Amino acid sequence: MRLIQVAWEMETDDTRKREFRSLAKAMTELDMKDAIIVTHEEEGETPVNGGTVRILPTWRFLLGMT
């Protein structure tokens, strides 16, 4: 199972908080250490609840699906 969240962009603090809050809750409830947020263009990694949330642009996420 993989936790995947999709957001067009995460430039505003409100958007980032909302997306990370929901993933952090799911990661805790499901005892998972990794999650992904798919965005239009952004890329990065953020530590959350002892795990990692990877932020991937759509094109990179889709290339990894094969």
# chains A, B, ... in the order shown; residues from 1 in each chain; ligands from 1

$ residues_around --residues "Val53 (chain A)" --least-positions-apart "4" --cutoff "10 Å" --atoms "only C-alpha atoms" --output "PyMOL selection string"
chain A and resi 3-5+20+23-24+27+33-37+44-49

$ write_last_selection --atoms "N, CA and C atoms" --output "PDB file, in the first residue's frame"
ATOM      1  N   LEU A   3       0.711   5.642   0.286  1.00  0.00           N
ATOM      2  CA  LEU A   3      -0.072   6.847   0.541  1.00  0.00           C
ATOM      3  C   LEU A   3       0.315   7.888  -0.495  1.00  0.00           C
ATOM      4  N   ILE A   4      -0.664   8.322  -1.288  1.00  0.00           N
ATOM      5  CA  ILE A   4      -0.409   9.293  -2.343  1.00  0.00           C
ATOM      6  C   ILE A   4      -1.453  10.395  -2.259  1.00  0.00           C
ATOM      7  N   GLN A   5      -0.978  11.620  -2.166  1.00  0.00           N
ATOM      8  CA  GLN A   5      -1.834  12.804  -2.141  1.00  0.00           C
ATOM      9  C   GLN A   5      -1.533  13.600  -3.407  1.00  0.00           C
ATOM     10  N   PHE A  20       0.166  18.226   4.347  1.00  0.00           N
ATOM     11  CA  PHE A  20       1.006  17.478   5.284  1.00  0.00           C
ATOM     12  C   PHE A  20       0.209  16.968   6.480  1.00  0.00           C
ATOM     13  N   LEU A  23      -1.657  13.784   5.411  1.00  0.00           N
ATOM     14  CA  LEU A  23      -0.729  12.661   5.230  1.00  0.00           C
ATOM     15  C   LEU A  23      -0.143  12.199   6.558  1.00  0.00           C
ATOM     16  N   ALA A  24       0.193  13.137   7.435  1.00  0.00           N
ATOM     17  CA  ALA A  24       0.746  12.770   8.743  1.00  0.00           C
ATOM     18  C   ALA A  24      -0.255  11.922   9.524  1.00  0.00           C
ATOM     19  N   MET A  27      -0.354   8.469   7.887  1.00  0.00           N
ATOM     20  CA  MET A  27       0.882   7.739   8.166  1.00  0.00           C
ATOM     21  C   MET A  27       0.858   7.160   9.582  1.00  0.00           C
ATOM     22  N   LYS A  33       5.812   4.795   6.978  1.00  0.00           N
ATOM     23  CA  LYS A  33       6.928   5.724   7.119  1.00  0.00           C
ATOM     24  C   LYS A  33       7.149   6.600   5.891  1.00  0.00           C
ATOM     25  N   ASP A  34       6.466   6.293   4.790  1.00  0.00           N
ATOM     26  CA  ASP A  34       6.674   7.056   3.562  1.00  0.00           C
ATOM     27  C   ASP A  34       5.344   7.417   2.921  1.00  0.00           C
ATOM     28  N   ALA A  35       5.332   8.579   2.266  1.00  0.00           N
ATOM     29  CA  ALA A  35       4.155   9.019   1.524  1.00  0.00           C
ATOM     30  C   ALA A  35       4.632   9.899   0.370  1.00  0.00           C
ATOM     31  N   ILE A  36       3.730  10.143  -0.569  1.00  0.00           N
ATOM     32  CA  ILE A  36       4.062  10.936  -1.749  1.00  0.00           C
ATOM     33  C   ILE A  36       2.989  11.994  -1.957  1.00  0.00           C
ATOM     34  N   ILE A  37       3.428  13.198  -2.304  1.00  0.00           N
ATOM     35  CA  ILE A  37       2.514  14.230  -2.785  1.00  0.00           C
ATOM     36  C   ILE A  37       2.898  14.503  -4.232  1.00  0.00           C
ATOM     37  N   GLY A  44      10.718  17.661  -3.855  1.00  0.00           N
ATOM     38  CA  GLY A  44      11.456  17.773  -2.613  1.00  0.00           C
ATOM     39  C   GLY A  44      11.113  16.644  -1.661  1.00  0.00           C
ATOM     40  N   GLU A  45      11.623  16.761  -0.444  1.00  0.00           N
ATOM     41  CA  GLU A  45      11.361  15.789   0.623  1.00  0.00           C
ATOM     42  C   GLU A  45      11.199  16.539   1.930  1.00  0.00           C
ATOM     43  N   THR A  46      10.295  16.056   2.766  1.00  0.00           N
ATOM     44  CA  THR A  46      10.064  16.668   4.068  1.00  0.00           C
ATOM     45  C   THR A  46       9.878  15.569   5.108  1.00  0.00           C
ATOM     46  N   PRO A  47      10.595  15.654   6.241  1.00  0.00           N
ATOM     47  CA  PRO A  47      10.375  14.671   7.303  1.00  0.00           C
ATOM     48  C   PRO A  47       9.027  14.930   7.988  1.00  0.00           C
ATOM     49  N   VAL A  48       8.262  13.855   8.222  1.00  0.00           N
ATOM     50  CA  VAL A  48       6.952  13.958   8.870  1.00  0.00           C
ATOM     51  C   VAL A  48       6.749  12.735   9.760  1.00  0.00           C
ATOM     52  N   ASN A  49       6.457  12.958  11.034  1.00  0.00           N
ATOM     53  CA  ASN A  49       6.128  11.866  11.968  1.00  0.00           C
ATOM     54  C   ASN A  49       7.124  10.710  11.919  1.00  0.00           C
TER      55      ASN A  49
END

$ select_by_dssp --residues "chain A" --states "strand (DSSP E)" --output "mmCIF file with N, CA and C atoms, in the first residue's frame"
data_model
loop_
_atom_site.group_PDB
_atom_site.id
_atom_site.type_symbol
_atom_site.label_atom_id
_atom_site.label_comp_id
_atom_site.auth_asym_id
_atom_site.auth_seq_id
_atom_site.Cartn_x
_atom_site.Cartn_y
_atom_site.Cartn_z
ATOM 1 N N ILE A 4 -0.664 8.322 -1.288
ATOM 2 C CA ILE A 4 -0.409 9.293 -2.343
ATOM 3 C C ILE A 4 -1.453 10.395 -2.259
ATOM 4 N N GLN A 5 -0.978 11.620 -2.166
ATOM 5 C CA GLN A 5 -1.834 12.804 -2.141
ATOM 6 C C GLN A 5 -1.533 13.600 -3.407
ATOM 7 N N VAL A 6 -2.531 14.259 -3.971
ATOM 8 C CA VAL A 6 -2.333 15.050 -5.184
ATOM 9 C C VAL A 6 -2.751 16.490 -4.921
ATOM 10 N N ASP A 34 6.466 6.293 4.790
ATOM 11 C CA ASP A 34 6.674 7.056 3.562
ATOM 12 C C ASP A 34 5.344 7.417 2.921
ATOM 13 N N ALA A 35 5.332 8.579 2.266
ATOM 14 C CA ALA A 35 4.155 9.019 1.524
ATOM 15 C C ALA A 35 4.632 9.899 0.370
ATOM 16 N N ILE A 36 3.730 10.143 -0.569
ATOM 17 C CA ILE A 36 4.062 10.936 -1.749
ATOM 18 C C ILE A 36 2.989 11.994 -1.957
ATOM 19 N N ILE A 37 3.428 13.198 -2.304
ATOM 20 C CA ILE A 37 2.514 14.230 -2.785
ATOM 21 C C ILE A 37 2.898 14.503 -4.232
ATOM 22 N N VAL A 38 1.944 14.333 -5.134
ATOM 23 C CA VAL A 38 2.167 14.590 -6.554
ATOM 24 C C VAL A 38 1.683 16.006 -6.843
ATOM 25 N N THR A 39 2.559 16.818 -7.450
ATOM 26 C CA THR A 39 2.217 18.204 -7.777
ATOM 27 C C THR A 39 2.454 18.454 -9.266
ATOM 28 N N GLY A 44 10.718 17.661 -3.855
ATOM 29 C CA GLY A 44 11.456 17.773 -2.613
ATOM 30 C C GLY A 44 11.113 16.644 -1.661
ATOM 31 N N GLU A 45 11.623 16.761 -0.444
ATOM 32 C CA GLU A 45 11.361 15.789 0.623
ATOM 33 C C GLU A 45 11.199 16.539 1.930
ATOM 34 N N THR A 46 10.295 16.056 2.766
ATOM 35 C CA THR A 46 10.064 16.668 4.068
ATOM 36 C C THR A 46 9.878 15.569 5.108
ATOM 37 N N PRO A 47 10.595 15.654 6.241
ATOM 38 C CA PRO A 47 10.375 14.671 7.303
ATOM 39 C C PRO A 47 9.027 14.930 7.988
ATOM 40 N N VAL A 48 8.262 13.855 8.222
ATOM 41 C CA VAL A 48 6.952 13.958 8.870
ATOM 42 C C VAL A 48 6.749 12.735 9.760
ATOM 43 N N GLY A 51 8.863 9.775 9.496
ATOM 44 C CA GLY A 51 8.952 9.236 8.139
ATOM 45 C C GLY A 51 9.292 10.346 7.159
ATOM 46 N N THR A 52 9.032 10.081 5.887
ATOM 47 C CA THR A 52 9.373 11.042 4.844
ATOM 48 C C THR A 52 8.221 11.198 3.865
ATOM 49 N N VAL A 53 7.925 12.447 3.528
ATOM 50 C CA VAL A 53 6.973 12.736 2.458
ATOM 51 C C VAL A 53 7.774 13.258 1.279
ATOM 52 N N ARG A 54 7.697 12.533 0.175
ATOM 53 C CA ARG A 54 8.356 12.957 -1.061
ATOM 54 C C ARG A 54 7.366 13.767 -1.885
ATOM 55 N N ILE A 55 7.830 14.897 -2.405
ATOM 56 C CA ILE A 55 7.016 15.737 -3.279
ATOM 57 C C ILE A 55 7.562 15.558 -4.683
ATOM 58 N N LEU A 56 6.705 15.082 -5.582
ATOM 59 C CA LEU A 56 7.137 14.773 -6.942
ATOM 60 C C LEU A 56 6.292 15.519 -7.961
ATOM 61 N N PRO A 57 6.933 16.040 -9.021
ATOM 62 C CA PRO A 57 6.139 16.584 -10.124
ATOM 63 C C PRO A 57 5.443 15.430 -10.852
#

$ residues_around --residues "His40 (chain A)" --least-positions-apart "6" --cutoff "7 Å" --atoms "only C-alpha atoms" --output "PyMOL selection string"
chain A and resi 8-9+57-58

$ write_last_selection --atoms "C-alpha atoms" --output "short mmCIF file (atom, residue, chain, number, x, y, z; two decimals), in the first residue's frame"
data_model
loop_
_atom_site.label_atom_id
_atom_site.label_comp_id
_atom_site.auth_asym_id
_atom_site.auth_seq_id
_atom_site.Cartn_x
_atom_site.Cartn_y
_atom_site.Cartn_z
CA TRP A 8 -1.72 21.26 -8.08
CA GLU A 9 0.76 23.36 -6.12
CA PRO A 57 6.14 16.58 -10.12
CA THR A 58 3.53 14.69 -12.13
#

$ atom_distance --atom1 "CA of Glu29 (chain A)" --atom2 "CA of Lys17 (chain A)"
18.1 Å

$ closest_residue --among "A:Met1, A:Glu19, A:Asp14, A:Arg60" --to "Glu42 (chain A)" --atoms "only C-alpha atoms"
A:Arg60

$ select_by_dssp --residues "chain A" --states "alpha helix (DSSP H)" --output "short mmCIF file (atom, residue, chain, number, x, y, z; two decimals) with N, CA and C atoms, in the first residue's frame"
data_model
loop_
_atom_site.label_atom_id
_atom_site.label_comp_id
_atom_site.auth_asym_id
_atom_site.auth_seq_id
_atom_site.Cartn_x
_atom_site.Cartn_y
_atom_site.Cartn_z
N ASP A 13 1.41 28.56 2.50
CA ASP A 13 1.53 27.87 3.79
C ASP A 13 0.27 27.07 4.12
N ASP A 14 -0.90 27.65 3.81
CA ASP A 14 -2.15 26.95 4.10
C ASP A 14 -2.24 25.62 3.35
N THR A 15 -1.85 25.63 2.09
CA THR A 15 -1.90 24.40 1.29
C THR A 15 -0.92 23.38 1.83
N ARG A 16 0.29 23.81 2.13
CA ARG A 16 1.30 22.88 2.66
C ARG A 16 0.82 22.26 3.98
N LYS A 17 0.31 23.09 4.88
CA LYS A 17 -0.18 22.58 6.16
C LYS A 17 -1.29 21.56 5.97
N ARG A 18 -2.24 21.88 5.10
CA ARG A 18 -3.38 20.99 4.85
C ARG A 18 -2.91 19.64 4.30
N GLU A 19 -2.04 19.68 3.29
CA GLU A 19 -1.58 18.44 2.66
C GLU A 19 -0.74 17.60 3.62
N PHE A 20 0.17 18.23 4.35
CA PHE A 20 1.01 17.48 5.28
C PHE A 20 0.21 16.97 6.48
N ARG A 21 -0.76 17.75 6.94
CA ARG A 21 -1.57 17.32 8.08
C ARG A 21 -2.34 16.03 7.76
N SER A 22 -2.95 15.99 6.58
CA SER A 22 -3.73 14.79 6.22
C SER A 22 -2.82 13.58 6.03
N LEU A 23 -1.66 13.78 5.41
CA LEU A 23 -0.73 12.66 5.23
C LEU A 23 -0.14 12.20 6.56
N ALA A 24 0.19 13.14 7.43
CA ALA A 24 0.75 12.77 8.74
C ALA A 24 -0.25 11.92 9.52
N LYS A 25 -1.53 12.29 9.47
CA LYS A 25 -2.56 11.51 10.16
C LYS A 25 -2.66 10.11 9.58
N ALA A 26 -2.69 10.00 8.27
CA ALA A 26 -2.78 8.69 7.62
C ALA A 26 -1.54 7.85 7.91
N MET A 27 -0.35 8.47 7.89
CA MET A 27 0.88 7.74 8.17
C MET A 27 0.86 7.16 9.58
N THR A 28 0.37 7.94 10.53
CA THR A 28 0.28 7.47 11.91
C THR A 28 -0.73 6.34 12.05
N GLU A 29 -1.93 6.55 11.50
CA GLU A 29 -2.99 5.55 11.64
C GLU A 29 -2.65 4.23 10.95
N LEU A 30 -1.92 4.31 9.84
CA LEU A 30 -1.59 3.11 9.07
C LEU A 30 -0.18 2.59 9.34
N THR A 58 4.33 15.73 -11.48
CA THR A 58 3.53 14.69 -12.13
C THR A 58 4.34 13.84 -13.09
N TRP A 59 5.17 14.47 -13.92
CA TRP A 59 5.91 13.72 -14.94
C TRP A 59 6.83 12.68 -14.30
N ARG A 60 7.48 13.06 -13.19
CA ARG A 60 8.40 12.12 -12.53
C ARG A 60 7.62 10.98 -11.87
N PHE A 61 6.49 11.30 -11.26
CA PHE A 61 5.66 10.27 -10.65
C PHE A 61 5.19 9.27 -11.70
N LEU A 62 4.73 9.76 -12.85
CA LEU A 62 4.23 8.87 -13.90
C LEU A 62 5.34 8.01 -14.50
N LEU A 63 6.54 8.55 -14.62
CA LEU A 63 7.66 7.74 -15.13
C LEU A 63 7.98 6.59 -14.18
#
